[in-house]
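Everything below belongs to entry.txt, which stores compact mmCIF, C-alpha atoms.
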# COMPACT_ATOMS: atom_id res chain seq x y z
CA MET A 27 84.30 55.54 238.49
CA THR A 28 84.34 58.46 236.05
CA MET A 29 81.58 61.00 236.54
CA GLY A 30 79.86 62.55 233.58
CA LYS A 31 79.50 66.27 232.99
CA ILE A 32 76.98 67.96 230.71
CA ILE A 33 76.23 71.66 230.13
CA PHE A 34 72.83 72.78 228.87
CA TYR A 35 72.17 76.12 227.12
CA GLU A 36 68.94 78.06 226.69
CA ASP A 37 69.56 78.80 223.02
CA ARG A 38 70.93 77.00 219.98
CA ASN A 39 74.68 77.02 219.37
CA PHE A 40 75.56 77.14 223.09
CA GLN A 41 74.13 80.62 223.63
CA GLY A 42 72.20 82.09 226.53
CA ARG A 43 72.17 81.04 230.16
CA SER A 44 73.67 77.66 230.99
CA TYR A 45 73.21 74.89 233.55
CA GLU A 46 75.87 72.28 234.33
CA THR A 47 75.26 68.91 235.98
CA SER A 48 76.87 65.55 236.65
CA SER A 49 73.68 63.81 237.72
CA ASP A 50 70.04 63.22 236.82
CA CYS A 51 67.72 66.19 236.46
CA ALA A 52 63.98 65.41 236.29
CA ASP A 53 62.91 68.97 235.43
CA MET A 54 65.28 71.60 234.04
CA SER A 55 62.71 74.42 234.24
CA SER A 56 64.02 75.41 237.66
CA TYR A 57 67.42 76.14 236.06
CA LEU A 58 66.61 77.28 232.50
CA SER A 59 63.49 78.64 230.80
CA ARG A 60 64.20 76.26 227.89
CA CYS A 61 67.11 74.17 226.63
CA LEU A 62 67.98 74.14 222.93
CA SER A 63 71.62 72.90 222.92
CA CYS A 64 74.08 71.00 225.11
CA ARG A 65 77.73 70.05 225.38
CA VAL A 66 78.87 66.76 226.95
CA GLU A 67 82.33 67.12 228.45
CA SER A 68 82.49 63.55 229.78
CA GLY A 69 80.34 60.49 230.28
CA CYS A 70 77.04 59.48 228.67
CA PHE A 71 73.56 60.90 229.19
CA MET A 72 70.04 60.49 227.90
CA VAL A 73 68.17 63.72 227.22
CA TYR A 74 64.36 63.85 227.09
CA ASP A 75 61.88 66.35 225.64
CA ARG A 76 59.50 65.92 228.59
CA THR A 77 60.04 66.19 232.32
CA ASN A 78 60.55 63.13 234.52
CA TYR A 79 62.52 61.25 231.83
CA MET A 80 59.56 60.88 229.47
CA GLY A 81 58.91 61.53 225.79
CA ASN A 82 61.44 61.45 222.97
CA GLN A 83 64.89 60.40 224.11
CA PHE A 84 68.33 60.94 222.65
CA PHE A 85 71.64 59.38 223.68
CA VAL A 86 74.53 61.84 224.00
CA ARG A 87 78.21 61.21 224.66
CA ARG A 88 81.25 63.48 224.67
CA GLY A 89 80.65 66.14 222.04
CA ASP A 90 78.68 69.21 221.01
CA TYR A 91 74.95 69.16 220.24
CA SER A 92 74.19 72.62 218.86
CA ASP A 93 70.48 72.18 218.02
CA TYR A 94 67.89 70.10 219.87
CA GLN A 95 65.89 69.50 216.65
CA ARG A 96 68.79 67.52 215.13
CA MET A 97 68.46 65.15 218.09
CA GLY A 98 64.87 64.33 217.20
CA MET A 99 63.35 66.38 220.01
CA SER A 100 59.86 67.67 219.29
CA ASP A 101 60.26 70.30 222.00
CA CYS A 102 63.24 71.56 223.97
CA ILE A 103 65.22 69.32 226.32
CA ARG A 104 63.36 69.12 229.63
CA SER A 105 65.15 66.38 231.63
CA CYS A 106 68.33 64.31 231.56
CA ARG A 107 69.65 61.12 233.08
CA MET A 108 73.31 60.29 233.61
CA ILE A 109 74.22 56.78 232.46
CA PRO A 110 76.66 55.20 234.91
CA MET A 111 79.56 53.16 233.58
CA HIS A 112 79.04 49.40 233.64
CA ARG A 113 82.04 47.06 233.63
CA GLY A 114 80.39 43.66 233.85
CA GLN A 115 78.29 41.35 231.74
CA TYR A 116 75.31 42.50 229.67
CA LYS A 117 72.07 40.57 229.68
CA ILE A 118 68.52 41.43 228.63
CA ARG A 119 65.45 39.21 228.22
CA ILE A 120 63.01 40.58 225.66
CA PHE A 121 59.38 39.55 225.26
CA GLU A 122 57.12 39.74 222.24
CA ARG A 123 54.12 40.94 224.30
CA GLU A 124 53.48 43.25 227.24
CA ASN A 125 53.73 41.93 230.83
CA MET A 126 56.63 39.58 230.00
CA SER A 127 54.51 37.28 227.86
CA GLY A 128 54.75 35.70 224.43
CA GLN A 129 57.94 34.52 222.80
CA SER A 130 61.11 35.56 224.63
CA ASN A 131 64.83 35.64 223.99
CA GLU A 132 67.84 36.44 226.12
CA LEU A 133 70.62 38.58 224.67
CA GLN A 134 74.15 39.33 225.81
CA GLU A 135 75.25 41.10 222.61
CA ASP A 136 73.88 43.85 220.37
CA CYS A 137 71.05 42.79 218.03
CA GLU A 138 70.58 44.62 214.72
CA SER A 139 67.19 43.09 214.00
CA ILE A 140 65.03 40.92 216.24
CA THR A 141 63.03 39.87 213.17
CA ASP A 142 66.08 38.57 211.30
CA HIS A 143 68.20 37.26 214.18
CA LEU A 144 65.61 36.07 216.71
CA ARG A 145 62.53 35.42 214.57
CA MET A 146 60.46 37.72 216.78
CA SER A 147 57.88 40.08 215.30
CA GLU A 148 58.21 42.77 218.00
CA CYS A 149 59.42 43.58 221.51
CA LEU A 150 56.83 45.08 223.88
CA SER A 151 58.35 44.29 227.30
CA CYS A 152 61.67 43.20 228.79
CA THR A 153 63.80 42.59 231.84
CA VAL A 154 67.27 44.11 231.93
CA LEU A 155 69.30 41.70 234.03
CA GLU A 156 72.74 43.29 233.65
CA GLY A 157 74.15 46.44 232.08
CA HIS A 158 72.56 49.43 230.38
CA TRP A 159 70.82 49.14 226.99
CA LEU A 160 69.36 51.27 224.22
CA LEU A 161 66.35 49.88 222.35
CA PHE A 162 65.47 51.27 218.90
CA GLU A 163 62.16 51.26 217.04
CA GLN A 164 63.77 50.25 213.73
CA PRO A 165 66.36 47.63 212.76
CA ASN A 166 70.04 48.66 212.60
CA PHE A 167 69.81 50.96 215.65
CA ARG A 168 67.66 53.62 213.98
CA GLY A 169 64.57 55.61 214.87
CA LYS A 170 63.27 56.51 218.28
CA MET A 171 65.17 55.03 221.18
CA ILE A 172 64.67 54.24 224.83
CA TYR A 173 67.27 53.88 227.59
CA LEU A 174 66.89 50.94 229.96
CA ARG A 175 68.83 50.22 233.13
CA PRO A 176 68.51 47.04 235.21
CA GLY A 177 64.89 46.33 236.08
CA GLU A 178 61.57 45.07 234.72
CA TYR A 179 59.68 46.91 232.00
CA ASN A 180 56.17 45.42 231.70
CA SER A 181 55.03 47.97 229.14
CA PHE A 182 56.85 50.70 227.26
CA LYS A 183 53.57 52.68 227.24
CA ASP A 184 54.20 53.43 230.92
CA MET A 185 57.36 55.26 229.85
CA GLY A 186 55.62 57.50 227.34
CA MET A 187 56.39 55.22 224.37
CA SER A 188 52.84 54.35 223.36
CA GLY A 189 52.51 52.70 219.95
CA ILE A 190 56.22 51.99 219.58
CA GLN A 191 57.63 48.51 219.19
CA PHE A 192 61.36 48.01 219.44
CA MET A 193 63.22 46.13 216.70
CA SER A 194 66.93 46.42 217.61
CA MET A 195 68.99 46.81 220.78
CA ARG A 196 72.51 47.89 221.68
CA ARG A 197 74.57 47.75 224.86
CA ILE A 198 75.92 51.02 226.24
CA MET A 199 79.60 50.19 226.50
CA ASP A 200 82.44 51.86 228.42
CA SER A 201 83.37 54.06 225.45
CA CYS A 202 81.39 57.05 226.73
CA SER A 203 84.29 59.08 228.15
Would you write the structure of this file as C-alpha cells?
Amino acid sequence: MTMGKIIFYEDRNFQGRSYETSSDCADMSSYLSRCLSCRVESGCFMVYDRTNYMGNQFFVRRGDYSDYQRMGMSDCIRSCRMIPMHRGQYKIRIFERENMSGQSNELQEDCESITDHLRMSECLSCTVLEGHWLLFEQPNFRGKMIYLRPGEYNSFKDMGMSGIQFMSMRRIMDSCS
C-alpha cells in the first residue's frame, strides 16, 4: 500500500516553517502556529479549517496548494486526514432524512445529482458500506464537501455540517498517487 505524504507551511506560497506528515493530524497547532499552504507529494488527504476534522473540508491530491483561501477555507488549515487507498467495491446507502430514515438509495457509482438521477430531494444521513466517498452540497460535485469512510452517519450536523444537504457524491478512486 502506498503511503501519502503532505507538507504544510505556515505562510502562503510554501513559506515559513513546515510540518510533514503521512498520517492523520487532529490539531496542527502543536507543529505550526498557522497553516496557509500545503504540498501533497503523494496520496490523498482531506484538510479541515477546524481541529478534530471539523469545519470546511477540502480534498487534496498530488500537487501544490499555495493559498488556503483558494481551497474554500474560512480560516487556516487546522487538521488533516490521510485517505487510504481502497481497491475493492464501492457502496453507499443514502437517506433523505437524518437517522437513516425517509427514502433511501444504494449507489456503487458516482452520482452527479440525486435529484435528477435518484428522485431524492436531499441527503441528510448515510451508511458507507465500502470504499471512501466525497459528498458535495451542490450537483455536479460542486460546493462544500465532506469526506466519508466506511461507517454510519446519522446526521451531518454532528460533523460540523449544520444546514448543509448533500446533492452529489463521488468515489475516491485509486488515482491519488
Find the residues around Gly189 of chain A up to 10 Å (only C-alpha atoms counted), leave out those fewer than 4 positions away in its own chain, and share them as a PDB file with C-alpha atoms, keeping the file's coordinate frame.
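Output (around-v4.pdb):
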ATOM      1  CA  LEU A 150      56.830  45.080 223.880  1.00  0.00           C
ATOM      2  CA  PHE A 182      56.850  50.700 227.260  1.00  0.00           C
ATOM      3  CA  LYS A 183      53.570  52.680 227.240  1.00  0.00           C
TER       4      LYS A 183
END
Counting all atoms listed in the file, what are the residues of segment 55-95 of chain A within 12 Å of segment 156-177 of chain A, and for each of them which pair of atoms is the nearest and at what distance in Å, to one decimal? Sort the table by chain and rising number, as a tab-separated table.
residue	atom	partner	partner_atom	distance
A:Cys70	CA	A:His158	CA	11.1
A:Phe71	CA	A:Tyr173	CA	9.6
A:Met72	CA	A:Tyr173	CA	7.2
A:Val73	CA	A:Tyr173	CA	9.9
A:Tyr74	CA	A:Ile172	CA	9.9
A:Tyr79	CA	A:Tyr173	CA	9.7
A:Met80	CA	A:Ile172	CA	9.6
A:Gly81	CA	A:Ile172	CA	9.3
A:Asn82	CA	A:Lys170	CA	7.1
A:Gln83	CA	A:Met171	CA	6.1
A:Phe84	CA	A:Met171	CA	6.9
A:Phe85	CA	A:Tyr173	CA	8.0
A:Val86	CA	A:Tyr173	CA	11.4
Hey, can you spit out that residue selection with C-alpha atoms as a compact mmCIF listing (two decimals), keeping the file's coordinate frame?
# COMPACT_ATOMS: atom_id res chain seq x y z
CA CYS A 70 77.04 59.48 228.67
CA PHE A 71 73.56 60.90 229.19
CA MET A 72 70.04 60.49 227.90
CA VAL A 73 68.17 63.72 227.22
CA TYR A 74 64.36 63.85 227.09
CA TYR A 79 62.52 61.25 231.83
CA MET A 80 59.56 60.88 229.47
CA GLY A 81 58.91 61.53 225.79
CA ASN A 82 61.44 61.45 222.97
CA GLN A 83 64.89 60.40 224.11
CA PHE A 84 68.33 60.94 222.65
CA PHE A 85 71.64 59.38 223.68
CA VAL A 86 74.53 61.84 224.00
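Nearest to Met111 of chain A of all the residues A:Ser181, A:Arg43, A:Gly69, A:Arg60 is A:Gly69, based on only C-alpha atoms.
Atom CA of Ile140 of chain A to atom CA of Tyr179 of chain A spans 17.7 Å [interatomic distance, one decimal].
Of the residues under consideration (A:Arg96, A:Arg119, A:Arg104, A:Arg65), A:Arg119 shows the shortest atom-to-atom contact distance to Asn131 of chain A when counting all atoms listed in the file.
For the atom pair formed by atom CA of Arg123 of chain A and atom CA of Glu148 of chain A, the distance is 7.7 Å, given to one decimal.
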Q.
If we count only C-alpha atoms and set the cut-off at 7 Å, which residues sit around Ser48 of chain A, ignoring sequence neighbours fewer than 2 positions away in its own chain? Please answer as number ranges by chain.
A. A: 29-32
Q. Which of these residues is nearest to Met108 of chain A, using all atoms listed in the file: A:Leu155, A:Met146, A:Cys64, A:Cys51?
A. A:Cys51
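What separates atom CA of Cys106 of chain A from atom CA of Gln134 of chain A is a distance of 26.3 Å.
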